[in-house]
file structure.csv (CSV, N, CA and C atoms)
chain,number,residue,atom,x,y,z
I,1,MET,N,-73.3,-114.7,-117.6
I,1,MET,CA,-73.4,-114.5,-116.2
I,1,MET,C,-73.8,-115.8,-115.5
I,2,ALA,N,-74.5,-116.7,-116.1
I,2,ALA,CA,-74.9,-117.9,-115.5
I,2,ALA,C,-73.7,-118.8,-115.2
I,3,PHE,N,-72.7,-118.7,-116.2
I,3,PHE,CA,-71.5,-119.5,-116.0
I,3,PHE,C,-70.7,-119.0,-114.7
I,4,LEU,N,-70.6,-117.7,-114.5
I,4,LEU,CA,-69.9,-117.2,-113.3
I,4,LEU,C,-70.7,-117.6,-112.0
I,5,ASP,N,-72.0,-117.6,-112.1
I,5,ASP,CA,-72.8,-118.0,-110.9
I,5,ASP,C,-72.5,-119.5,-110.6
I,6,THR,N,-72.6,-120.3,-111.6
I,6,THR,CA,-72.3,-121.7,-111.5
I,6,THR,C,-70.9,-122.0,-110.9
I,7,GLU,N,-70.0,-121.3,-111.4
I,7,GLU,CA,-68.6,-121.5,-111.0
I,7,GLU,C,-68.4,-121.0,-109.5
I,8,LEU,N,-69.0,-119.9,-109.2
I,8,LEU,CA,-68.9,-119.4,-107.9
I,8,LEU,C,-69.6,-120.3,-106.9
I,9,VAL,N,-70.7,-120.9,-107.2
I,9,VAL,CA,-71.3,-121.9,-106.3
I,9,VAL,C,-70.4,-123.1,-106.2
I,10,ARG,N,-69.8,-123.5,-107.3
I,10,ARG,CA,-68.9,-124.7,-107.2
I,10,ARG,C,-67.7,-124.4,-106.3
I,11,ILE,N,-67.2,-123.2,-106.4
I,11,ILE,CA,-66.0,-122.9,-105.6
I,11,ILE,C,-66.4,-122.8,-104.1
I,12,LEU,N,-67.5,-122.1,-103.8
I,12,LEU,CA,-68.0,-122.0,-102.4
I,12,LEU,C,-68.3,-123.4,-101.8
I,13,HIS,N,-68.8,-124.3,-102.6
I,13,HIS,CA,-69.1,-125.6,-102.2
I,13,HIS,C,-67.8,-126.4,-101.8
I,14,ALA,N,-66.8,-126.2,-102.7
I,14,ALA,CA,-65.5,-126.9,-102.5
I,14,ALA,C,-64.9,-126.3,-101.2
I,15,LEU,N,-65.0,-125.0,-101.0
I,15,LEU,CA,-64.4,-124.5,-99.8
I,15,LEU,C,-65.1,-124.9,-98.5
I,16,GLN,N,-66.4,-125.2,-98.6
I,16,GLN,CA,-67.1,-125.7,-97.4
I,16,GLN,C,-66.8,-127.1,-97.1
I,17,GLN,N,-66.4,-127.9,-98.2
I,17,GLN,CA,-66.1,-129.3,-98.0
I,17,GLN,C,-64.6,-129.5,-97.7
I,18,PHE,N,-63.8,-128.4,-97.5
I,18,PHE,CA,-62.4,-128.5,-97.3
I,18,PHE,C,-62.1,-129.4,-96.1
I,19,GLU,N,-61.1,-130.3,-96.3
I,19,GLU,CA,-60.7,-131.1,-95.2
I,19,GLU,C,-59.2,-131.1,-95.1
I,20,LEU,N,-58.7,-130.7,-93.9
I,20,LEU,CA,-57.2,-130.6,-93.7
I,20,LEU,C,-56.7,-132.0,-93.4
I,21,THR,N,-55.9,-132.6,-94.3
I,21,THR,CA,-55.3,-133.9,-94.0
I,21,THR,C,-53.8,-133.7,-93.8
I,22,PRO,N,-53.2,-134.7,-93.2
I,22,PRO,CA,-51.7,-134.7,-93.1
I,22,PRO,C,-51.0,-134.4,-94.4
I,23,TRP,N,-51.4,-135.0,-95.5
I,23,TRP,CA,-50.7,-134.7,-96.7
I,23,TRP,C,-50.9,-133.3,-97.2
I,24,LYS,N,-52.1,-132.7,-96.9
I,24,LYS,CA,-52.3,-131.3,-97.3
I,24,LYS,C,-51.4,-130.4,-96.5
I,25,ILE,N,-51.2,-130.7,-95.2
I,25,ILE,CA,-50.3,-130.0,-94.4
I,25,ILE,C,-48.9,-130.0,-95.0
I,26,VAL,N,-48.4,-131.2,-95.5
I,26,VAL,CA,-47.1,-131.3,-96.2
I,26,VAL,C,-47.1,-130.4,-97.4
I,27,GLY,N,-48.2,-130.5,-98.2
I,27,GLY,CA,-48.3,-129.7,-99.4
I,27,GLY,C,-48.3,-128.2,-99.1
I,28,PHE,N,-49.0,-127.7,-98.1
I,28,PHE,CA,-49.0,-126.3,-97.7
I,28,PHE,C,-47.7,-125.9,-97.2
I,29,ALA,N,-47.0,-126.7,-96.4
I,29,ALA,CA,-45.7,-126.4,-95.9
I,29,ALA,C,-44.7,-126.3,-97.1
I,30,GLY,N,-44.8,-127.2,-98.0
I,30,GLY,CA,-43.9,-127.1,-99.2
I,30,GLY,C,-44.1,-125.8,-100.0
I,31,THR,N,-45.4,-125.5,-100.2
I,31,THR,CA,-45.8,-124.2,-100.9
I,31,THR,C,-45.3,-123.0,-100.2
I,32,LEU,N,-45.4,-123.0,-98.8
I,32,LEU,CA,-45.0,-121.9,-98.0
I,32,LEU,C,-43.4,-121.7,-98.1
I,33,MET,N,-42.7,-122.8,-98.0
I,33,MET,CA,-41.3,-122.8,-98.1
I,33,MET,C,-40.8,-122.4,-99.5
I,34,PHE,N,-41.4,-122.9,-100.5
I,34,PHE,CA,-41.0,-122.6,-101.9
I,34,PHE,C,-41.3,-121.2,-102.2
I,35,THR,N,-42.4,-120.7,-101.7
I,35,THR,CA,-42.7,-119.2,-102.0
I,35,THR,C,-41.9,-118.3,-101.1
I,36,SER,N,-41.6,-118.7,-99.9
I,36,SER,CA,-40.8,-117.8,-99.0
I,36,SER,C,-39.4,-117.5,-99.5
I,37,ARG,N,-38.9,-118.4,-100.3
I,37,ARG,CA,-37.5,-118.2,-100.8
I,37,ARG,C,-37.4,-116.9,-101.6
I,38,TRP,N,-38.5,-116.5,-102.2
I,38,TRP,CA,-38.4,-115.2,-103.0
I,38,TRP,C,-38.4,-114.0,-102.0
I,39,PHE,N,-39.0,-114.1,-100.9
I,39,PHE,CA,-38.9,-113.0,-99.9
I,39,PHE,C,-37.5,-113.0,-99.3
I,40,VAL,N,-36.9,-114.1,-99.1
I,40,VAL,CA,-35.5,-114.1,-98.6
I,40,VAL,C,-34.6,-113.5,-99.7
I,41,GLN,N,-34.8,-113.9,-100.9
I,41,GLN,CA,-34.0,-113.3,-102.0
I,41,GLN,C,-34.2,-111.8,-102.1
I,42,LEU,N,-35.4,-111.4,-102.0
I,42,LEU,CA,-35.8,-109.9,-102.1
I,42,LEU,C,-35.1,-109.2,-100.9
I,43,TYR,N,-35.1,-109.7,-99.7
I,43,TYR,CA,-34.5,-109.1,-98.6
I,43,TYR,C,-33.0,-108.9,-98.8
I,44,TYR,N,-32.3,-109.9,-99.3
I,44,TYR,CA,-30.9,-109.8,-99.5
I,44,TYR,C,-30.5,-108.9,-100.6
I,45,THR,N,-31.4,-108.9,-101.7
I,45,THR,CA,-31.1,-108.0,-102.8
I,45,THR,C,-31.3,-106.5,-102.4
I,46,ARG,N,-32.3,-106.3,-101.6
I,46,ARG,CA,-32.5,-104.9,-101.0
I,46,ARG,C,-31.4,-104.5,-100.1
I,47,LYS,N,-30.9,-105.5,-99.3
I,47,LYS,CA,-29.9,-105.2,-98.3
I,47,LYS,C,-28.6,-104.9,-98.9
I,48,TYR,N,-28.2,-105.6,-100.0
I,48,TYR,CA,-26.9,-105.4,-100.6
I,48,TYR,C,-27.0,-104.6,-101.9
I,49,LYS,N,-28.2,-104.2,-102.2
I,49,LYS,CA,-28.4,-103.3,-103.4
I,49,LYS,C,-27.9,-103.9,-104.7
I,50,ARG,N,-27.9,-105.2,-104.8
I,50,ARG,CA,-27.6,-106.0,-106.0
I,50,ARG,C,-28.3,-107.3,-105.9
I,51,VAL,N,-28.4,-108.0,-107.0
I,51,VAL,CA,-29.1,-109.3,-107.0
I,51,VAL,C,-28.2,-110.3,-106.3
I,52,VAL,N,-28.8,-110.9,-105.3
I,52,VAL,CA,-28.1,-111.9,-104.4
I,52,VAL,C,-29.0,-113.1,-104.3
I,53,MET,N,-28.3,-114.3,-104.4
I,53,MET,CA,-29.0,-115.6,-104.2
I,53,MET,C,-28.4,-116.2,-103.0
I,54,PRO,N,-28.9,-115.9,-101.8
I,54,PRO,CA,-28.3,-116.4,-100.5
I,54,PRO,C,-28.5,-117.9,-100.4
I,55,LEU,N,-27.7,-118.5,-99.5
I,55,LEU,CA,-27.7,-119.9,-99.2
I,55,LEU,C,-29.1,-120.3,-98.8
I,56,ALA,N,-29.8,-119.5,-98.0
I,56,ALA,CA,-31.1,-119.8,-97.5
I,56,ALA,C,-32.1,-120.0,-98.7
I,57,PHE,N,-31.9,-119.3,-99.7
I,57,PHE,CA,-32.8,-119.4,-100.9
I,57,PHE,C,-32.7,-120.8,-101.4
I,58,TRP,N,-31.5,-121.4,-101.5
I,58,TRP,CA,-31.4,-122.8,-102.0
I,58,TRP,C,-31.9,-123.8,-101.1
I,59,TRP,N,-31.7,-123.6,-99.8
I,59,TRP,CA,-32.2,-124.5,-98.8
I,59,TRP,C,-33.8,-124.5,-98.8
I,60,LEU,N,-34.4,-123.4,-98.9
I,60,LEU,CA,-35.8,-123.3,-99.0
I,60,LEU,C,-36.3,-123.9,-100.3
I,61,SER,N,-35.6,-123.7,-101.4
I,61,SER,CA,-35.9,-124.4,-102.6
I,61,SER,C,-35.9,-125.9,-102.6
I,62,VAL,N,-34.8,-126.4,-102.0
I,62,VAL,CA,-34.7,-127.9,-101.9
I,62,VAL,C,-35.8,-128.4,-101.0
I,63,CYS,N,-36.0,-127.9,-99.8
I,63,CYS,CA,-37.0,-128.4,-98.8
I,63,CYS,C,-38.4,-128.2,-99.4
I,64,GLY,N,-38.7,-127.1,-99.9
I,64,GLY,CA,-40.0,-126.8,-100.5
I,64,GLY,C,-40.3,-127.8,-101.7
I,65,SER,N,-39.3,-128.0,-102.6
I,65,SER,CA,-39.5,-128.9,-103.7
I,65,SER,C,-39.7,-130.3,-103.2
I,66,VAL,N,-39.0,-130.7,-102.3
I,66,VAL,CA,-39.1,-132.1,-101.8
I,66,VAL,C,-40.5,-132.3,-101.1
I,67,LEU,N,-40.9,-131.4,-100.3
I,67,LEU,CA,-42.2,-131.5,-99.7
I,67,LEU,C,-43.3,-131.5,-100.7
I,68,LEU,N,-43.2,-130.6,-101.7
I,68,LEU,CA,-44.3,-130.6,-102.7
I,68,LEU,C,-44.3,-131.9,-103.6
I,69,LEU,N,-43.1,-132.4,-103.9
I,69,LEU,CA,-43.0,-133.6,-104.7
I,69,LEU,C,-43.6,-134.8,-103.8
I,70,ALA,N,-43.3,-134.8,-102.6
I,70,ALA,CA,-43.9,-135.9,-101.7
I,70,ALA,C,-45.4,-135.8,-101.7
I,71,TYR,N,-45.9,-134.5,-101.6
I,71,TYR,CA,-47.3,-134.4,-101.6
I,71,TYR,C,-48.0,-134.9,-102.8
I,72,PHE,N,-47.4,-134.5,-104.0
I,72,PHE,CA,-48.0,-134.9,-105.3
I,72,PHE,C,-47.8,-136.4,-105.6
I,73,VAL,N,-46.7,-137.0,-105.1
I,73,VAL,CA,-46.5,-138.4,-105.3
I,73,VAL,C,-47.3,-139.3,-104.4
I,74,PHE,N,-47.3,-139.0,-103.1
I,74,PHE,CA,-47.9,-139.9,-102.1
I,74,PHE,C,-49.3,-139.4,-101.6
I,75,GLY,N,-49.4,-138.1,-101.5
I,75,GLY,CA,-50.7,-137.5,-101.0
I,75,GLY,C,-51.8,-137.4,-102.0
I,76,LYS,N,-51.4,-137.0,-103.2
I,76,LYS,CA,-52.4,-136.7,-104.2
I,76,LYS,C,-52.3,-137.6,-105.5
I,77,ASN,N,-51.1,-138.2,-105.7
I,77,ASN,CA,-50.9,-139.0,-106.9
I,77,ASN,C,-51.3,-138.2,-108.2
I,78,ASP,N,-50.8,-137.0,-108.3
I,78,ASP,CA,-51.1,-136.1,-109.4
I,78,ASP,C,-49.9,-136.0,-110.4
I,79,SER,N,-50.1,-136.5,-111.6
I,79,SER,CA,-48.9,-136.5,-112.5
I,79,SER,C,-48.5,-135.1,-112.9
I,80,VAL,N,-49.4,-134.1,-113.0
I,80,VAL,CA,-49.0,-132.7,-113.3
I,80,VAL,C,-48.2,-132.1,-112.2
I,81,GLY,N,-48.6,-132.3,-111.0
I,81,GLY,CA,-47.8,-131.8,-109.8
I,81,GLY,C,-46.5,-132.5,-109.7
I,82,ILE,N,-46.4,-133.8,-110.0
I,82,ILE,CA,-45.2,-134.6,-110.0
I,82,ILE,C,-44.2,-134.0,-111.0
I,83,LEU,N,-44.7,-133.9,-112.2
I,83,LEU,CA,-43.8,-133.4,-113.3
I,83,LEU,C,-43.3,-131.9,-113.1
I,84,SER,N,-44.2,-131.1,-112.5
I,84,SER,CA,-43.9,-129.7,-112.3
I,84,SER,C,-43.0,-129.5,-111.1
I,85,ASN,N,-42.8,-130.5,-110.2
I,85,ASN,CA,-41.9,-130.3,-109.1
I,85,ASN,C,-40.7,-131.3,-109.1
I,86,PHE,N,-40.7,-132.2,-110.1
I,86,PHE,CA,-39.6,-133.1,-110.2
I,86,PHE,C,-38.3,-132.4,-110.6
I,87,PHE,N,-38.3,-131.6,-111.7
I,87,PHE,CA,-37.1,-130.9,-112.2
I,87,PHE,C,-36.6,-129.9,-111.2
I,88,PRO,N,-37.4,-129.1,-110.5
I,88,PRO,CA,-36.9,-128.1,-109.6
I,88,PRO,C,-36.1,-128.7,-108.4
I,89,VAL,N,-36.4,-129.9,-108.0
I,89,VAL,CA,-35.7,-130.6,-107.0
I,89,VAL,C,-34.2,-130.8,-107.4
I,90,PHE,N,-34.0,-131.2,-108.6
I,90,PHE,CA,-32.6,-131.5,-109.0
I,90,PHE,C,-31.9,-130.2,-109.3
I,91,VAL,N,-32.5,-129.2,-109.8
I,91,VAL,CA,-31.9,-127.9,-110.0
I,91,VAL,C,-31.5,-127.2,-108.7
I,92,SER,N,-32.4,-127.3,-107.7
I,92,SER,CA,-32.1,-126.7,-106.4
I,92,SER,C,-31.0,-127.4,-105.7
I,93,VAL,N,-31.0,-128.8,-105.7
I,93,VAL,CA,-29.9,-129.5,-105.1
I,93,VAL,C,-28.6,-129.2,-105.8
I,94,TYR,N,-28.6,-129.1,-107.1
I,94,TYR,CA,-27.4,-128.8,-107.8
I,94,TYR,C,-26.8,-127.4,-107.4
I,95,ASN,N,-27.7,-126.4,-107.4
I,95,ASN,CA,-27.3,-125.1,-107.0
I,95,ASN,C,-26.8,-125.0,-105.6
I,96,LEU,N,-27.5,-125.8,-104.7
I,96,LEU,CA,-27.0,-125.8,-103.3
I,96,LEU,C,-25.7,-126.4,-103.2
I,97,VAL,N,-25.4,-127.5,-103.9
I,97,VAL,CA,-24.1,-128.2,-103.9
I,97,VAL,C,-23.0,-127.2,-104.4
I,98,VAL,N,-23.3,-126.5,-105.5
I,98,VAL,CA,-22.3,-125.6,-106.1
I,98,VAL,C,-22.1,-124.5,-105.1
I,99,HIS,N,-23.1,-123.9,-104.5
I,99,HIS,CA,-23.0,-122.9,-103.5
I,99,HIS,C,-22.1,-123.3,-102.3
I,100,LEU,N,-22.4,-124.5,-101.8
I,100,LEU,CA,-21.6,-125.0,-100.7
I,100,LEU,C,-20.1,-125.3,-101.0
I,101,ARG,N,-19.9,-125.8,-102.2
I,101,ARG,CA,-18.5,-126.1,-102.7
I,101,ARG,C,-17.8,-124.8,-102.8
I,102,HIS,N,-18.4,-123.8,-103.4
I,102,HIS,CA,-17.8,-122.5,-103.6
I,102,HIS,C,-17.4,-121.9,-102.2
I,103,ARG,N,-18.3,-122.0,-101.3
I,103,ARG,CA,-18.1,-121.5,-99.9
I,103,ARG,C,-17.0,-122.2,-99.3
I,104,LYS,N,-17.0,-123.6,-99.4
I,104,LYS,CA,-15.9,-124.4,-98.8
I,104,LYS,C,-14.5,-124.1,-99.3
I,105,ASN,N,-14.5,-123.8,-100.6
I,105,ASN,CA,-13.2,-123.5,-101.2
I,105,ASN,C,-12.7,-122.1,-100.9
I,106,GLY,N,-13.5,-121.3,-100.2
I,106,GLY,CA,-13.1,-120.0,-99.8
I,106,GLY,C,-13.0,-119.0,-100.9
I,107,MET,N,-13.7,-119.3,-102.0
I,107,MET,CA,-13.7,-118.4,-103.1
I,107,MET,C,-14.6,-117.2,-103.0
I,108,THR,N,-15.3,-117.1,-102.0
I,108,THR,CA,-16.3,-116.0,-101.9
I,108,THR,C,-16.0,-115.2,-100.6
I,109,GLY,N,-16.1,-113.9,-100.8
I,109,GLY,CA,-16.1,-113.0,-99.6
I,109,GLY,C,-17.5,-112.4,-99.4
I,110,ASP,N,-18.5,-113.1,-99.9
I,110,ASP,CA,-19.8,-112.7,-99.9
I,110,ASP,C,-20.4,-112.9,-98.5
I,111,ALA,N,-21.0,-111.8,-97.9
I,111,ALA,CA,-21.6,-111.9,-96.6
I,111,ALA,C,-22.8,-112.8,-96.5
I,112,THR,N,-23.4,-113.1,-97.7
I,112,THR,CA,-24.6,-113.9,-97.7
I,112,THR,C,-24.4,-115.4,-97.7
I,113,ALA,N,-23.2,-115.8,-97.6
I,113,ALA,CA,-22.8,-117.3,-97.7
I,113,ALA,C,-23.1,-117.9,-96.4

call {"tool": "encode", "arguments": {"input": "structure.csv", "output": "structure tokens"}}
result
Amino acid sequence: MAFLDTELVRILHALQQFELTPWKIVGFAGTLMFTSRWFVQLYYTRKYKRVVMPLAFWWLSVCGSVLLLAYFVFGKNDSVGILSNFFPVFVSVYNLVVHLRHRKNGMTGDATA
């Protein structure tokens, strides 16, 4: 029980010392965008009653990943955050390019494009 008390005190102290910096705003914006893509995907899946990955999903993925990567590279210099966000940037950009090429070639009749 002493361990939990100590940890709770440490967490409360950290929350009291919280400082909102411009880089934290970038990080929070990236987190918000990267997380919101799942709500977009959920909305379209419920709307079309099948699994759908709309274009907005990939745009949110790219923008969120880039913002998070920028935060971890420049704002925090955290190697774990850099590595965990480095790969998703490339996967999201690749999927966005494939989606846009597919749409440009007129191969889709999908209303979510």

call {"tool": "residues_around", "arguments": {"input": "structure.csv", "residues": "Phe87 in chain I", "least_positions_apart": "2", "cutoff": "12 Å", "atoms": "only C-alpha atoms", "output": "JSON, numbers by chain"}}
result
{"I": [61, 62, 65, 66, 68, 69, 81, 82, 83, 84, 85, 89, 90, 91, 92, 93, 94]}

call {"tool": "residues_around", "arguments": {"input": "structure.csv", "residues": "Lys76 in chain I", "least_positions_apart": "4", "cutoff": "8 Å", "atoms": "only C-alpha atoms", "output": "list in words"}}
result
Trp23, Tyr71 and Phe72 of chain I

call {"tool": "select_by_dssp", "arguments": {"input": "structure.csv", "residues": "range 4-93 of chain I", "states": "alpha helix (DSSP H)", "output": "ChimeraX atom specification"}}
result
/I:4-16,22-48,55-70,79-93

call {"tool": "closest_residue", "arguments": {"input": "structure.csv", "among": "I:Gly64, I:Ala70, I:Tyr48, I:Leu15", "to": "Ala29 in chain I", "atoms": "all atoms listed in the file"}}
result
I:Gly64

call {"tool": "atom_distance", "arguments": {"input": "structure.csv", "atom1": "atom C of Lys24 in chain I", "atom2": "atom C of Leu67 in chain I"}}
result
9.2 Å

call {"tool": "atom_distance", "arguments": {"input": "structure.csv", "atom1": "CA of Phe57 in chain I", "atom2": "atom N of His99 in chain I"}}
result
11.3 Å

call {"tool": "atom_distance", "arguments": {"input": "structure.csv", "atom1": "CA of Val80 in chain I", "atom2": "atom C of Leu55 in chain I"}}
result
27.6 Å

call {"tool": "closest_residue", "arguments": {"input": "structure.csv", "among": "I:Gly75, I:Gly106, I:Val52, I:Cys63", "to": "Leu32 in chain I", "atoms": "only C-alpha atoms"}}
result
I:Cys63
